[in-house]
Amino acid sequence: MSFSSPFTPSTPEELEQAGRDLHTLAERLYPIPRSITGAGVRETLRILRETVPIELHEVPSGTPVLDWTVPPEWTLRAAWIKDPEGRTVVDVSDHTLHVLGYSAPFHGTVPLTELREHLFSLPDQPDRIPYRTSYYAETWGFCLRHRTLESLPEGDYEVFVDTTLDPGGSLTYGELVIPGASDREVLVSTHVCHPSLANDNLSGLVVAAGLGRRLLEAAPLRYTYRLLFIPGTIGSITWLAGNGEAASRMAHGLVAANLGDPGGFHYKRSRRGMAEIDRAVEHLLRHPAVDAGPAEPFEIEDFVPFGYDERQYCSPGFDLPVGSLTRTPWGRYPEYHTSGDDLDLVQPEKLAGSLALYLRVMALLEGNRTYRNLNPKGEPQLGRRGLYGAIGGGTEGKERQLALLWVLNLSDGDHSLLDIAERAGAPFERVREAADSLLAAELLEPVDLVGP
Amino acid sequence: MSFSSPFTPSTPEELEQAGRDLHTLAERLYPIPRSITGAGVRETLRILRETVPIELHEVPSGTPVLDWTVPPEWTLRAAWIKDPEGRTVVDVSDHTLHVLGYSAPFHGTVPLTELREHLFSLPDQPDRIPYRTSYYAETWGFCLRHRTLESLPEGDYEVFVDTTLDPGGSLTYGELVIPGASDREVLVSTHVCHPSLANDNLSGLVVAAGLGRRLLEAAPLRYTYRLLFIPGTIGSITWLAGNGEAASRMAHGLVAANLGDPGGFHYKRSRRGMAEIDRAVEHLLRHPAVDAGPAEPFEIEDFVPFGYDERQYCSPGFDLPVGSLTRTPWGRYPEYHTSGDDLDLVQPEKLAGSLALYLRVMALLEGNRTYRNLNPKGEPQLGRRGLYGAIGGGTEGKERQLALLWVLNLSDGDHSLLDIAERAGAPFERVREAADSLLAAELLEPVDLVGP
Amino acid sequence: MSFSSPFTPSTPEELEQAGRDLHTLAERLYPIPRSITGAGVRETLRILRETVPIELHEVPSGTPVLDWTVPPEWTLRAAWIKDPEGRTVVDVSDHTLHVLGYSAPFHGTVPLTELREHLFSLPDQPDRIPYRTSYYAETWGFCLRHRTLESLPEGDYEVFVDTTLDPGGSLTYGELVIPGASDREVLVSTHVCHPSLANDNLSGLVVAAGLGRRLLEAAPLRYTYRLLFIPGTIGSITWLAGNGEAASRMAHGLVAANLGDPGGFHYKRSRRGMAEIDRAVEHLLRHPAVDAGPAEPFEIEDFVPFGYDERQYCSPGFDLPVGSLTRTPWGRYPEYHTSGDDLDLVQPEKLAGSLALYLRVMALLEGNRTYRNLNPKGEPQLGRRGLYGAIGGGTEGKERQLALLWVLNLSDGDHSLLDIAERAGAPFERVREAADSLLAAELLEPVDLVGP
């Protein structure tokens, strides 16, 4: 009956090591050319499988998925431009961002004026390559530094885009399911479709993988956990199309991305706005871990139907309690969707801090039970049970004692421990600890239905 | 199925012309001596009939109406005072305000000390004639400039109040009903009982008449509209006494008055406080029309059981969703209920702005439908339907695209377009436009019961 | 049917006299050594019986009460310490605080080092004796000025604690029940267990006694009133253990303490937070009595499961609507639980002001009825009934008239007069007065179930 967090808190040294490991993993994944389909996604998932046993799913191109259709599989072999002198001026082998994502094959010689219609650059950030795609309108193109674009002389350019769009291919996604005592699920979804962009979203991939490993080590768990490594938009739509039953068992969920940059945390609420996951994340951001360093800054934002895959999970036909927990959100840092989003932007200690917060969220969800005070009339005599006398005169002791009284007072079957923590203005972990003491003294019984 | 506002937005030139027309109409009505009954009301309504086909109702004096009784009909032929030298010092033919409203007939000679008990003036505004009435306590009196009052020499004064209070007369009110697809009604009620006071309430009369004309031109309409031109208090009580069935079909209502002064807008909520009319007016005041000039200042006030006829519509036995939309409210401008409330206080462009706001309110009520997203699972692929690609990169386009996503996300049958506009922080018109595009793409169906 | 407050408002002179009387009573009670059981409580209650007919209850030691057991009865005959020279350095006959409450008997000679473990002092307030007890862990001890403690020379001390802890004794509490028309009850609970501490809680005892006398004089009453004079914690637990049926009839309650210090008022809400008692007290604090002097400052605090006996009344198995209305709360004034909490700290005019506020609370509870407007359609014609004409032009009159309109508008059977006062932003007494006028005019009927 007594509860203990499934996750041993990490020491500062362990956290430091975890950050370094996650960054090393991101370094391996960085050069792989990824898109919403294709070999790059498969290779990425195979590398992540070294950390956690992700299962790979292949959904054939052409499969109808909700209002969409799985696109042909894209294979990129080479893509370059040679100038009138025959010198290679852009080559995807230098940087995966150089080719417009999902470019159709092309080989020919075109004058600069025509070529320009297929080139994308950032006049404001002339030394960075932008990230552009054209998944659903068939065309070809290149992304390049504006400085390179401006240096191109007039003349005829040889263009070679060696790609295929295979209608007999498939869309690949990865899934890790960690069964718990209940079939109600916690979802963590992260997008795997971006090429060499480190914060968006190698950071999400490695933090999710790290989280998966800790969850596997932490079993037995109360909830079943489902980690999805999917291409953005079409991936969540594909998963939802085929997993309506699992979706209906979803109790809480987070979309993970942008978790390595130096910014503070950002939480975007689910469409429901006050779901348990929304309250849990906000509570933990407001109440830093008891023995952690200084609190990180954070922002809370209401749901908007724009962003990452929460758009799909929170569409009205599903309306799942899925928020998005990131550091700096998409579009709000200058390196976003440019070659500036590289391995330097992503910091090991920020990856580690993100993993630690995700673990706190999972620990809260695991431990957020609802109890009934078995001695509800008047206060039980705590002194007789060693729960009062044991407590010294310090402030620490006073907070512990008050947490006992709050749990007793509000454990009427209607208040979860998170409700009590919010009402008491105390960190969840303190209230959870008090409930453990009261459970040991047989003063509480659980009344909720989820979990052991 | 597709929606278009019943009201073509006016050009600035049309609005300017409308303001001039309304002011010209007010000029014609200004000199007519009006009261809660009598010939002045009839003449006023006959002039308004040149603009809109108001139906005149006559309710016999003595008719019991709720807790009240229709009073005798008052006729004013003449009223003057001559000083001891025989000079006329006060004469109602100079200004309709000079006689105490509903004065009983009197002819006699009285010393100044006795006369003074029947004289009303404003020591603080010595050059203005006050407006006073005594509908339910039979007496006679005069209102005059304080400067005149102070100049009166001692002596005997001849007083002539040539009025009748006819128990065989009637109370007159005007009514314009514009049928719509639904028998649920929108009420606009304005008081017709004040003599030569321009803002209170010729402004209300001419704006209501202008609104009526635009509603007639705008048919077919979703709601049935009912415009009442009634004497204050006793008029609404009389109408409510005889029209309980129509009152029960009232969906939204506004009391119109004080709509021409240079002040900003003022909205007093209905007793319900959060009725659709309350939310509609507040939304439009907070979100100025997209292509309009600078926003006008405004104030929102909770219901108080004092003011104009909303007191009666919002009495607990009816509790109708009727607010009051004015410019400067009663009692809060110095010219209120004095001869200073004249045709100069009322400005053509303010009358036009008031009419434009009333039209926006009606357009919102007409267009505030509730829909169900027919493709609620995941986002529909908007690009395939030309709703995404058509959208350029500008900010304008982004707002349009976001409005589409908001309507799709919240059209679950529980949120009206006004709910969605409020949640999205966008002007209603923008959300209505998005819903029109989605209706055209057959992505929505209406689920509400009112209207076509 | 018509209502009049059961309590005639006091004149300033009467209030002044009441304050002096309450202080005189506190002076008589001050020297009596009280604890949670024993002769001191009995003597205190016998003196209070001169003011109000409190009934004394004796509950035998050893009786199980909820999760607790009534302790042995403590009798203190003498307690002193003699220094190595035989001089008496601490003697409970000098001050009742000198002995640790519930000290077990002891007689012996101990060296200073051992004695020190039994001595309690306040290094921060070296001239004050602290108040300490050890009810449930058997030991002995003394409380003394830190200055005295520091002056004690090394050597052997003779200690004599002449007490008994009698398992054949009893716990004493006092109860005053004043029957009203309804068996639904109002509780005022105050703790009687503190020795010579004046604010905490002779102030509570004398204000409760004064309140009881006024309630007795005010009969007939709507509610039944129950005043409890009980030892803290074990007293309320004992009462609740034996009076579950009375507890279930509790409609409103207050814990009274700390009512004589110069601080402003402090209200701690009941666990329910928005019970009628919570709203009543907060309303009265925000709206000072109409003819009273300047408003006293006040603070409102949410329930916390710590403090006085509200902890027991608000435990989840009872969840009674009991708040705590004090001046400066426990622990927030420097004299708290020291010999500095003496008769100088408690001021006659503060006692009187506290009594006056408690009387206003009771008058509000008595008068907070819910009515139905018998003429709910439109406004009734108040002029015809002398309720409009009687009203002059002054501001006072306007407020009275508006109160009439508010009561009529909101008396739909769903709003109590307190609801109406809150909505109107008017003092309860003004709204109650309006309801009296409307009852006299037969425009209202009561719809609530409590009371005549």
# chains A, B, ... in the order shown; residues from 1 in each chain; ligands from 1

call {"tool": "interface_residues", "arguments": {"of": "chain B", "to": "chain A", "cutoff": "9 Å", "atoms": "only C-alpha atoms", "output": "PyMOL selection string"}}
result
chain B and resi 373+375-381+383-384+402+405-406+408-412+424

call {"tool": "residues_around", "arguments": {"residues": "region 21-35 of chain A", "least_positions_apart": "4", "cutoff": "8 Å", "atoms": "only C-alpha atoms", "output": "PyMOL selection string"}}
result
chain A and resi 17+39-41+43-44+47+74+95-96+101-102+192-198+202-203+206-207+210+231+343+346-348+351-352

call {"tool": "select_by_dssp", "arguments": {"residues": "region 367-431 of chain C", "states": "alpha helix (DSSP H)", "output": "PyMOL selection string"}}
result
chain C and resi 367+395-410+417-424+428-431

call {"tool": "atom_distance", "arguments": {"atom1": "CA of Arg400 (chain B)", "atom2": "CA of Gly367 (chain B)"}}
result
17.7 Å

call {"tool": "select_by_dssp", "arguments": {"residues": "region 173-287 of chain A", "states": "strand (DSSP E)", "output": "ChimeraX atom specification"}}
result
/A:173-178,185-191,224-230,250-257,265-268

call {"tool": "residues_around", "arguments": {"residues": "Arg213 (chain A)", "least_positions_apart": "6", "cutoff": "12 Å", "atoms": "only C-alpha atoms", "output": "list in words"}}
result
Phe7, Ala18, Leu22, Leu48, Arg49, Glu50, Thr51, Val52, Pro53, Ile54, Leu176, Val177, Ile178, Val206, Val207, Ala219, Tyr225, Leu227, Leu355 and Leu359 of chain A

call {"tool": "write_last_selection", "arguments": {"atoms": "C-alpha atoms", "output": "PDB file, in the first residue's frame"}}
result
ATOM      1  CA  PHE A   7      12.340   7.058  -9.907  1.00  0.00           C
ATOM      2  CA  ALA A  18      23.162  11.831 -18.229  1.00  0.00           C
ATOM      3  CA  LEU A  22      22.307  12.463 -24.272  1.00  0.00           C
ATOM      4  CA  LEU A  48      17.850   4.899 -30.571  1.00  0.00           C
ATOM      5  CA  ARG A  49      17.107   1.180 -30.157  1.00  0.00           C
ATOM      6  CA  GLU A  50      20.575   0.854 -28.596  1.00  0.00           C
ATOM      7  CA  THR A  51      19.129   2.850 -25.692  1.00  0.00           C
ATOM      8  CA  VAL A  52      15.548   1.576 -25.564  1.00  0.00           C
ATOM      9  CA  PRO A  53      13.751  -1.270 -27.400  1.00  0.00           C
ATOM     10  CA  ILE A  54      11.710   0.875 -29.777  1.00  0.00           C
ATOM     11  CA  LEU A 176       7.933   1.957 -27.151  1.00  0.00           C
ATOM     12  CA  VAL A 177       5.213   0.611 -24.867  1.00  0.00           C
ATOM     13  CA  ILE A 178       6.082  -0.015 -21.219  1.00  0.00           C
ATOM     14  CA  VAL A 206      17.293  11.817 -26.967  1.00  0.00           C
ATOM     15  CA  VAL A 207      15.335  13.083 -23.940  1.00  0.00           C
ATOM     16  CA  ALA A 219       9.008  -0.842 -13.242  1.00  0.00           C
ATOM     17  CA  TYR A 225       3.656   4.364 -20.966  1.00  0.00           C
ATOM     18  CA  LEU A 227       6.591   6.730 -26.373  1.00  0.00           C
ATOM     19  CA  LEU A 355      15.009  14.807 -18.614  1.00  0.00           C
ATOM     20  CA  LEU A 359      10.862  12.360 -14.733  1.00  0.00           C
TER      21      LEU A 359
END

call {"tool": "residues_around", "arguments": {"residues": "His252 (chain C)", "least_positions_apart": "3", "cutoff": "9 Å", "atoms": "only C-alpha atoms", "output": "list of chain:residue names"}}
result
C:Arg184, C:Glu185, C:Val186, C:Leu187, C:Val188, C:Ala275, C:Glu276, C:Ile277, C:Asp278, C:Leu320, C:Pro321, C:Val322, C:Gly323, C:Leu365

call {"tool": "write_last_selection", "arguments": {"atoms": "all heavy atoms", "output": "compact mmCIF listing (two decimals), in the first residue's frame"}}
result
# COMPACT_ATOMS: atom_id res chain seq x y z
N ARG C 184 -31.81 24.27 14.09
CA ARG C 184 -30.50 24.48 13.46
C ARG C 184 -29.72 25.45 14.33
O ARG C 184 -30.27 26.42 14.87
CB ARG C 184 -30.66 25.01 12.02
CG ARG C 184 -31.36 23.98 11.13
CD ARG C 184 -31.18 24.31 9.66
NE ARG C 184 -29.79 24.17 9.25
CZ ARG C 184 -29.21 24.90 8.27
NH1 ARG C 184 -29.91 25.79 7.63
NH2 ARG C 184 -27.95 24.70 7.95
N GLU C 185 -28.42 25.18 14.47
CA GLU C 185 -27.67 25.84 15.52
C GLU C 185 -26.57 26.77 15.02
O GLU C 185 -26.02 26.57 13.94
CB GLU C 185 -27.02 24.78 16.42
CG GLU C 185 -28.02 23.92 17.15
CD GLU C 185 -27.40 23.16 18.31
OE1 GLU C 185 -26.19 23.28 18.54
OE2 GLU C 185 -28.17 22.45 18.99
N VAL C 186 -26.27 27.75 15.85
CA VAL C 186 -25.09 28.59 15.69
C VAL C 186 -24.17 28.28 16.86
O VAL C 186 -24.58 28.36 18.02
CB VAL C 186 -25.44 30.09 15.68
CG1 VAL C 186 -24.19 30.93 15.53
CG2 VAL C 186 -26.44 30.40 14.56
N LEU C 187 -22.92 27.94 16.55
CA LEU C 187 -21.94 27.60 17.57
C LEU C 187 -20.96 28.75 17.80
O LEU C 187 -20.49 29.34 16.84
CB LEU C 187 -21.14 26.37 17.11
CG LEU C 187 -19.92 25.99 17.96
CD1 LEU C 187 -20.36 25.33 19.25
CD2 LEU C 187 -18.98 25.07 17.17
N VAL C 188 -20.69 29.04 19.06
CA VAL C 188 -19.52 29.87 19.39
C VAL C 188 -18.70 29.06 20.37
O VAL C 188 -19.20 28.67 21.43
CB VAL C 188 -19.91 31.24 19.97
CG1 VAL C 188 -18.68 32.02 20.38
CG2 VAL C 188 -20.73 32.03 18.95
N ALA C 275 -18.87 29.21 3.01
CA ALA C 275 -20.09 28.96 3.79
C ALA C 275 -20.73 30.31 4.13
O ALA C 275 -20.10 31.36 4.04
CB ALA C 275 -19.74 28.19 5.05
N GLU C 276 -21.98 30.25 4.54
CA GLU C 276 -22.68 31.49 4.87
C GLU C 276 -21.95 32.26 5.97
O GLU C 276 -21.84 33.48 5.91
CB GLU C 276 -24.12 31.17 5.31
CG GLU C 276 -24.98 32.40 5.52
CD GLU C 276 -26.44 32.05 5.80
OE1 GLU C 276 -26.89 30.98 5.38
OE2 GLU C 276 -27.12 32.87 6.44
N ILE C 277 -21.39 31.56 6.95
CA ILE C 277 -20.67 32.26 8.02
C ILE C 277 -19.44 32.98 7.45
O ILE C 277 -19.11 34.10 7.85
CB ILE C 277 -20.26 31.29 9.16
CG1 ILE C 277 -19.63 32.05 10.34
CG2 ILE C 277 -19.31 30.20 8.69
CD1 ILE C 277 -20.57 32.95 11.07
N ASP C 278 -18.78 32.35 6.47
CA ASP C 278 -17.61 32.99 5.86
C ASP C 278 -18.01 34.26 5.13
O ASP C 278 -17.36 35.30 5.25
CB ASP C 278 -16.94 32.03 4.87
CG ASP C 278 -16.49 30.73 5.53
OD1 ASP C 278 -15.91 30.80 6.63
OD2 ASP C 278 -16.72 29.65 4.95
N LEU C 320 -17.73 21.01 9.49
CA LEU C 320 -18.73 21.98 9.90
C LEU C 320 -18.34 23.37 9.39
O LEU C 320 -17.16 23.69 9.24
CB LEU C 320 -18.86 21.99 11.42
CG LEU C 320 -19.29 20.64 12.02
CD1 LEU C 320 -19.32 20.74 13.55
CD2 LEU C 320 -20.65 20.22 11.48
N PRO C 321 -19.33 24.21 9.13
CA PRO C 321 -19.03 25.57 8.65
C PRO C 321 -18.62 26.47 9.81
O PRO C 321 -19.37 27.33 10.24
CB PRO C 321 -20.35 26.00 8.01
CG PRO C 321 -21.39 25.22 8.73
CD PRO C 321 -20.77 23.93 9.16
N VAL C 322 -17.41 26.24 10.31
CA VAL C 322 -16.92 26.97 11.48
C VAL C 322 -15.64 27.71 11.11
O VAL C 322 -14.66 27.10 10.70
CB VAL C 322 -16.64 25.99 12.64
CG1 VAL C 322 -16.02 26.73 13.83
CG2 VAL C 322 -17.92 25.27 13.06
N GLY C 323 -15.68 29.02 11.21
CA GLY C 323 -14.49 29.84 11.01
C GLY C 323 -13.93 30.32 12.33
O GLY C 323 -14.42 29.93 13.39
N LEU C 365 -26.96 36.65 10.64
CA LEU C 365 -27.43 35.26 10.48
C LEU C 365 -28.92 35.18 10.77
O LEU C 365 -29.67 34.49 10.06
CB LEU C 365 -26.65 34.35 11.43
CG LEU C 365 -25.14 34.21 11.15
CD1 LEU C 365 -24.47 33.39 12.24
CD2 LEU C 365 -24.88 33.58 9.78

call {"tool": "atom_distance", "arguments": {"atom1": "CA of Glu175 (chain C)", "atom2": "CA of Ser189 (chain C)"}}
result
9.3 Å

call {"tool": "residues_around", "arguments": {"residues": "Glu366 (chain B)", "least_positions_apart": "4", "cutoff": "12 Å", "atoms": "only C-alpha atoms", "output": "ChimeraX atom specification"}}
result
/B:3-7,180-182,184-186,215,218-225,251-252,276-277,280,359-362,370,416-418,428-429,432,450-452

call {"tool": "write_last_selection", "arguments": {"atoms": "C-alpha atoms", "output": "short mmCIF file (atom, residue, chain, number, x, y, z; two decimals), in the first residue's frame"}}
result
data_model
loop_
_atom_site.label_atom_id
_atom_site.label_comp_id
_atom_site.auth_asym_id
_atom_site.auth_seq_id
_atom_site.Cartn_x
_atom_site.Cartn_y
_atom_site.Cartn_z
CA PHE B 3 -23.38 32.64 -44.49
CA SER B 4 -23.08 36.23 -45.52
CA SER B 5 -23.75 39.16 -43.24
CA PRO B 6 -27.20 40.57 -43.89
CA PHE B 7 -25.70 44.05 -43.69
CA GLY B 180 -37.24 36.41 -39.74
CA ALA B 181 -36.80 32.70 -40.31
CA SER B 182 -37.16 32.05 -36.59
CA ARG B 184 -37.19 33.99 -31.63
CA GLU B 185 -36.87 37.73 -31.34
CA VAL B 186 -34.39 40.54 -30.99
CA LEU B 215 -33.02 45.55 -41.13
CA ALA B 218 -31.36 43.23 -45.15
CA ALA B 219 -34.07 40.54 -45.17
CA PRO B 220 -34.16 37.52 -45.17
CA LEU B 221 -33.11 37.54 -41.55
CA ARG B 222 -32.54 34.71 -39.13
CA TYR B 223 -34.24 36.34 -36.12
CA THR B 224 -37.49 38.25 -35.93
CA TYR B 225 -36.80 41.85 -34.90
CA ALA B 251 -33.71 35.96 -27.34
CA HIS B 252 -31.74 39.20 -27.11
CA GLU B 276 -25.32 36.27 -25.46
CA ILE B 277 -26.26 39.93 -25.96
CA ALA B 280 -21.79 40.12 -28.09
CA LEU B 359 -25.69 47.04 -36.99
CA ARG B 360 -22.52 45.16 -35.95
CA VAL B 361 -24.40 43.80 -32.94
CA MET B 362 -27.26 42.58 -35.12
CA THR B 370 -22.73 26.79 -33.64
CA SER B 416 -20.59 29.15 -30.87
CA LEU B 417 -18.54 31.31 -33.20
CA LEU B 418 -18.61 34.01 -30.51
CA PHE B 428 -15.97 37.95 -34.58
CA GLU B 429 -16.07 38.98 -38.23
CA ARG B 432 -17.32 34.26 -39.17
CA VAL B 450 -32.35 29.03 -34.41
CA GLY B 451 -32.40 30.08 -38.01
CA PRO B 452 -31.99 28.63 -41.47
#

call {"tool": "atom_distance", "arguments": {"atom1": "CA of Gly141 (chain C)", "atom2": "CA of His107 (chain C)"}}
result
11.8 Å
